[in-house]
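Novice: Dropping in coords_24.csv, with CSV, C-alpha atoms.
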```
chain,number,residue,atom,x,y,z
M,4,MET,CA,-34.5,-4.9,-162.0
M,5,LEU,CA,-33.3,-2.8,-159.1
M,6,LEU,CA,-31.6,-4.6,-156.2
M,7,LEU,CA,-31.2,-2.7,-153.0
M,8,ARG,CA,-29.1,-4.3,-150.3
M,9,LEU,CA,-27.2,-3.2,-147.1
M,10,SER,CA,-23.5,-3.8,-147.4
M,11,MET,CA,-22.0,-2.3,-144.2
M,12,PRO,CA,-23.3,-0.3,-141.3
M,13,GLY,CA,-24.0,3.2,-142.6
M,14,SER,CA,-23.7,2.2,-146.2
M,15,ILE,CA,-26.3,1.2,-148.8
M,16,LEU,CA,-25.2,-0.5,-152.0
M,17,VAL,CA,-27.4,0.2,-155.0
M,18,SER,CA,-27.0,-2.2,-157.9
M,19,ALA,CA,-29.0,-2.0,-161.1
M,20,PHE,CA,-29.0,-4.7,-163.6
M,21,VAL,CA,-30.5,-3.8,-167.0
M,22,THR,CA,-31.4,-6.4,-169.5
M,23,HIS,CA,-33.3,-4.6,-172.2
M,24,PRO,CA,-33.2,-5.0,-176.0
M,25,ASN,CA,-33.2,-1.2,-176.5
M,26,PRO,CA,-32.0,0.4,-173.3
M,27,PRO,CA,-32.9,4.1,-173.0
M,28,PHE,CA,-29.3,4.9,-172.0
M,29,ARG,CA,-26.0,3.6,-173.4
M,30,ARG,CA,-23.7,3.4,-170.4
M,31,PRO,CA,-23.1,0.8,-167.8
M,32,VAL,CA,-25.3,1.2,-164.8
M,33,GLY,CA,-22.9,-0.6,-162.4
M,34,ASN,CA,-22.8,0.1,-158.6
M,35,SER,CA,-23.3,3.4,-156.8
M,36,GLN,CA,-22.5,3.2,-153.1
M,37,MET,CA,-24.1,5.6,-150.7
M,38,THR,CA,-21.9,6.1,-147.6
M,39,ALA,CA,-21.9,8.3,-144.6
M,40,LYS,CA,-20.3,11.2,-146.6
M,41,ASN,CA,-23.5,11.2,-148.8
M,42,LEU,CA,-25.6,11.9,-145.7
M,43,ILE,CA,-25.9,15.3,-144.0
M,44,THR,CA,-27.4,16.0,-140.6
M,45,ALA,CA,-29.9,18.7,-140.0
M,46,GLU,CA,-27.3,20.5,-137.8
M,47,GLU,CA,-24.7,20.4,-140.6
M,48,LEU,CA,-27.2,21.7,-143.1
M,49,SER,CA,-28.2,24.5,-140.7
M,50,LEU,CA,-24.6,25.6,-140.4
M,51,GLN,CA,-24.2,25.6,-144.2
M,52,LEU,CA,-27.3,27.6,-144.6
M,53,GLN,CA,-26.3,30.2,-142.0
M,54,ASN,CA,-22.6,30.6,-143.2
M,55,PRO,CA,-22.3,33.7,-145.4
M,56,ASN,CA,-18.9,32.5,-146.6
M,57,VAL,CA,-20.3,29.3,-148.1
M,58,THR,CA,-22.6,29.0,-151.2
M,59,PRO,CA,-25.7,27.3,-149.8
M,60,PRO,CA,-26.6,23.9,-151.3
M,61,ILE,CA,-29.5,23.5,-153.6
M,62,LEU,CA,-32.3,22.1,-151.5
M,63,ILE,CA,-34.7,19.6,-153.1
M,64,GLU,CA,-37.7,18.3,-151.2
M,65,VAL,CA,-39.3,15.3,-152.8
M,66,VAL,CA,-42.9,15.5,-151.5
M,67,SER,CA,-46.2,14.2,-152.7
M,68,PRO,CA,-49.1,16.7,-153.1
M,69,GLU,CA,-50.9,14.9,-150.2
M,70,ASP,CA,-47.9,15.3,-147.9
M,71,LEU,CA,-47.5,18.9,-149.0
M,72,GLN,CA,-51.1,19.5,-147.7
M,73,LEU,CA,-50.5,17.4,-144.5
M,74,HIS,CA,-47.1,19.0,-143.7
M,75,PRO,CA,-47.1,22.6,-144.9
M,76,LEU,CA,-43.8,23.7,-143.5
M,77,ARG,CA,-40.9,23.7,-146.0
M,78,LEU,CA,-37.2,24.5,-146.0
M,79,PRO,CA,-36.3,28.1,-147.1
M,80,ASN,CA,-35.4,28.4,-150.8
M,81,SER,CA,-36.1,24.7,-151.4
M,82,HIS,CA,-37.4,23.2,-154.7
M,83,ILE,CA,-40.5,21.1,-154.3
M,84,LEU,CA,-40.5,18.0,-156.6
M,85,TRP,CA,-42.6,14.9,-156.8
M,86,ARG,CA,-42.0,11.7,-158.7
M,87,PRO,CA,-43.4,12.8,-162.1
M,88,ASP,CA,-40.8,15.5,-162.1
M,89,PHE,CA,-38.0,12.9,-162.4
M,90,GLU,CA,-39.7,9.9,-164.0
M,91,ALA,CA,-40.1,8.9,-167.6
M,92,PRO,CA,-43.5,8.0,-168.9
M,93,ALA,CA,-44.4,4.4,-168.0
M,94,VAL,CA,-44.5,3.2,-171.6
M,95,ASP,CA,-41.5,0.8,-171.3
M,96,PRO,CA,-42.6,-2.3,-169.4
M,97,LEU,CA,-39.1,-2.8,-167.9
M,98,LEU,CA,-37.8,0.7,-167.1
M,99,GLY,CA,-41.0,2.7,-167.4
M,100,GLY,CA,-41.0,5.4,-164.8
M,101,LEU,CA,-37.8,4.3,-163.1
M,102,ILE,CA,-35.5,7.0,-164.5
M,103,PRO,CA,-36.1,10.1,-166.6
M,104,THR,CA,-34.8,10.5,-170.1
M,105,LEU,CA,-31.6,12.4,-170.6
M,106,GLU,CA,-33.6,15.3,-172.0
M,107,GLN,CA,-36.0,15.4,-169.1
M,108,LEU,CA,-33.2,15.4,-166.5
M,109,THR,CA,-31.3,18.1,-168.4
M,110,ILE,CA,-34.4,20.4,-168.4
M,111,LEU,CA,-35.0,19.7,-164.7
M,112,THR,CA,-31.4,20.3,-163.5
M,113,LYS,CA,-31.2,23.5,-165.5
M,114,ARG,CA,-34.5,24.7,-164.0
M,115,LEU,CA,-33.2,23.8,-160.5
M,116,GLY,CA,-30.0,25.8,-161.0
M,117,ILE,CA,-27.7,22.8,-160.7
M,118,ASN,CA,-24.1,23.5,-161.9
M,119,GLU,CA,-21.2,21.1,-162.0
M,120,GLU,CA,-19.9,22.4,-158.7
M,121,SER,CA,-23.3,22.8,-157.0
M,122,ARG,CA,-23.9,21.0,-153.8
M,123,VAL,CA,-27.3,19.4,-153.7
M,124,VAL,CA,-29.2,18.2,-150.6
M,125,ILE,CA,-32.3,16.1,-151.1
M,126,LEU,CA,-34.9,15.3,-148.4
M,127,ASP,CA,-38.2,13.5,-148.3
M,128,HIS,CA,-40.8,11.8,-146.1
M,129,LYS,CA,-40.0,8.2,-147.1
M,130,TYR,CA,-37.6,6.9,-149.7
M,131,ASP,CA,-37.7,9.1,-152.7
M,132,ALA,CA,-34.6,11.1,-151.8
M,133,THR,CA,-32.3,8.2,-152.3
M,134,ARG,CA,-33.9,7.4,-155.6
M,135,LEU,CA,-33.2,11.0,-156.8
M,136,TRP,CA,-29.7,10.8,-155.4
M,137,TRP,CA,-29.1,7.6,-157.4
M,138,ILE,CA,-30.5,9.2,-160.6
M,139,LEU,CA,-28.2,12.2,-160.3
M,140,ILE,CA,-25.2,10.0,-159.8
M,141,LEU,CA,-26.3,7.6,-162.6
M,142,PHE,CA,-26.3,10.6,-165.0
M,143,GLY,CA,-22.8,11.8,-164.0
M,144,LYS,CA,-23.2,14.2,-161.0
M,145,ASP,CA,-20.2,13.9,-158.7
M,146,PRO,CA,-21.3,11.8,-155.7
M,147,ASP,CA,-19.3,14.2,-153.4
M,148,THR,CA,-21.6,17.0,-154.4
M,149,VAL,CA,-25.0,15.2,-153.7
M,150,ALA,CA,-26.3,14.4,-150.2
M,151,VAL,CA,-29.4,13.1,-148.6
M,152,LEU,CA,-30.6,14.7,-145.4
M,153,ASP,CA,-30.3,12.1,-142.6
M,154,GLY,CA,-33.7,11.7,-141.1
M,155,GLY,CA,-35.4,13.5,-144.0
M,156,TYR,CA,-38.3,15.9,-143.4
M,157,ALA,CA,-38.7,14.8,-139.8
M,158,ALA,CA,-35.1,15.8,-138.9
M,159,ALA,CA,-35.5,19.1,-140.7
M,160,LEU,CA,-38.7,19.8,-138.8
M,161,GLU,CA,-37.3,18.7,-135.5
M,162,PHE,CA,-34.2,20.9,-135.9
M,163,GLY,CA,-36.4,23.9,-136.8
M,164,LEU,CA,-35.3,24.3,-140.4
M,165,ALA,CA,-38.8,24.3,-141.9
M,166,GLU,CA,-41.0,27.4,-142.3
M,167,ASP,CA,-44.4,28.4,-143.6
M,168,ASN,CA,-45.3,27.1,-147.1
M,169,GLU,CA,-48.1,29.5,-148.0
M,170,GLY,CA,-48.7,29.5,-151.8
M,171,MET,CA,-46.1,26.8,-152.8
M,172,LEU,CA,-47.0,24.4,-155.5
M,173,VAL,CA,-45.5,21.0,-156.3
M,174,GLY,CA,-42.8,21.6,-158.9
M,175,GLY,CA,-42.2,25.1,-157.5
M,176,SER,CA,-39.1,26.8,-156.4
M,177,ARG,CA,-38.5,29.2,-153.6
M,178,GLY,CA,-36.2,32.2,-153.8
M,179,LYS,CA,-34.1,33.4,-156.7
M,180,VAL,CA,-33.0,30.6,-159.1
M,181,THR,CA,-30.2,31.0,-161.7
M,182,ARG,CA,-30.4,28.6,-164.6
M,183,GLY,CA,-28.0,25.7,-164.0
M,184,ASP,CA,-25.3,24.6,-166.5
M,185,TRP,CA,-24.6,21.0,-165.4
M,186,VAL,CA,-25.3,18.6,-168.3
M,187,PRO,CA,-26.3,15.1,-167.4
M,188,ARG,CA,-24.6,12.5,-169.5
```
Could you express the structure from this file as structure tokens?
Specialist:
Amino acid sequence: MLLLRLSMPGSILVSAFVTHPNPPFRRPVGNSQMTAKNLITAEELSLQLQNPNVTPPILIEVVSPEDLQLHPLRLPNSHILWRPDFEAPAVDPLLGGLIPTLEQLTILTKRLGINEESRVVILDHKYDATRLWWILILFGKDPDTVAVLDGGYAAALEFGLAEDNEGMLVGGSRGKVTRGDWVPR
């Protein structure tokens, strides 16, 4: 069961309670609290992307194939993912599809170029960005290195961060990607 509740203004408390005879992971799930420091504005992101003295964050857009067709503009050098990229097969009646296996997430994060020190910014059209944020934190990524774009795709579009998407596929990456070395745990 996943319980999502508001705790304080500007803060979402995500609690997961797992009661499963053979859990797919062997660590306490506990609480992960998203605060204002885990949100980044489109203006802040733009400044980071334009600053030659700062390593740009890894941009992940969680977008359905339908939304990709309806909204073809994308952020430069972003990775396009959709739920099947970070879900386990739905064979488990309790956790099926909720989180990827350790092996699946390791393959994905290496492909995306995520390192221990990498900053990651996730955006979406609806609510999938916070789910991917939670998965990364659950598997050990430092919460200070993962952020969700405040306002999502709409904010990026409004601020002028998006560009033409010609030829992009879901699961694709834009720009040069170096294999990541962060190991989920």
Novice: Any idea what the distance is between atom CA of M:Asp153 and atom CA of M:Ile61?
Specialist: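 If I compute the distance from atom CA of M:Asp153 to atom CA of M:Ile61, I get 15.9 Å.
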Novice: Might you pull out every residue within 9 Å of M:Tyr156, with only C-alpha atoms counted and same-chain residues fewer than 5 positions away left off, and present them as a ChimeraX atom specification?
Specialist: /M:64,77,126-129,161,165
Novice: Any idea what the distance is between atom CA of M:Gln36 and atom CA of M:Asp70?
Specialist: 28.6 Å
Novice: With distances taken over all atoms listed in the file, which residue among M:Gln107, M:Asn118, M:Thr133, M:Ser81 lies nearest M:Glu166?
Specialist: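 Closest residue, counting all atoms listed in the file: M:Ser81.
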Novice: If we count only C-alpha atoms and set the cut-off at 8 Å, which residues sit around M:Trp185, ignoring sequence neighbours fewer than 2 positions away in its own chain? Please answer as a ChimeraX atom specification.
Specialist: /M:109,112-113,117-119,183,187
Novice: Pick out the closest residue to M:Pro87 from this set: M:Pro59, M:Gln72, M:Leu135, M:Ile43. Count all atoms listed in the file.
Specialist: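 Nearest to M:Pro87: M:Leu135.
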Novice: Set the distance at 12 Å and use all atoms listed in the file: which residues neighbour stretch 50-55 of chain M once local chain neighbours fewer than 5 positions away are removed? I'd like the list as a ChimeraX atom specification.
Specialist: /M:43-45,60-62,78-81,122-124,162,164
Novice: Save out the residues we just selected, C-alpha atoms, as a PDB file, keeping the file's coordinate frame.
Specialist:
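What landed in selection-v3.pdb:
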```pdb
ATOM      1  CA  ILE M  43     -25.900  15.300-144.000  1.00  0.00           C
ATOM      2  CA  THR M  44     -27.400  16.000-140.600  1.00  0.00           C
ATOM      3  CA  ALA M  45     -29.900  18.700-140.000  1.00  0.00           C
ATOM      4  CA  PRO M  60     -26.600  23.900-151.300  1.00  0.00           C
ATOM      5  CA  ILE M  61     -29.500  23.500-153.600  1.00  0.00           C
ATOM      6  CA  LEU M  62     -32.300  22.100-151.500  1.00  0.00           C
ATOM      7  CA  LEU M  78     -37.200  24.500-146.000  1.00  0.00           C
ATOM      8  CA  PRO M  79     -36.300  28.100-147.100  1.00  0.00           C
ATOM      9  CA  ASN M  80     -35.400  28.400-150.800  1.00  0.00           C
ATOM     10  CA  SER M  81     -36.100  24.700-151.400  1.00  0.00           C
ATOM     11  CA  ARG M 122     -23.900  21.000-153.800  1.00  0.00           C
ATOM     12  CA  VAL M 123     -27.300  19.400-153.700  1.00  0.00           C
ATOM     13  CA  VAL M 124     -29.200  18.200-150.600  1.00  0.00           C
ATOM     14  CA  PHE M 162     -34.200  20.900-135.900  1.00  0.00           C
ATOM     15  CA  LEU M 164     -35.300  24.300-140.400  1.00  0.00           C
TER      16      LEU M 164
END
```
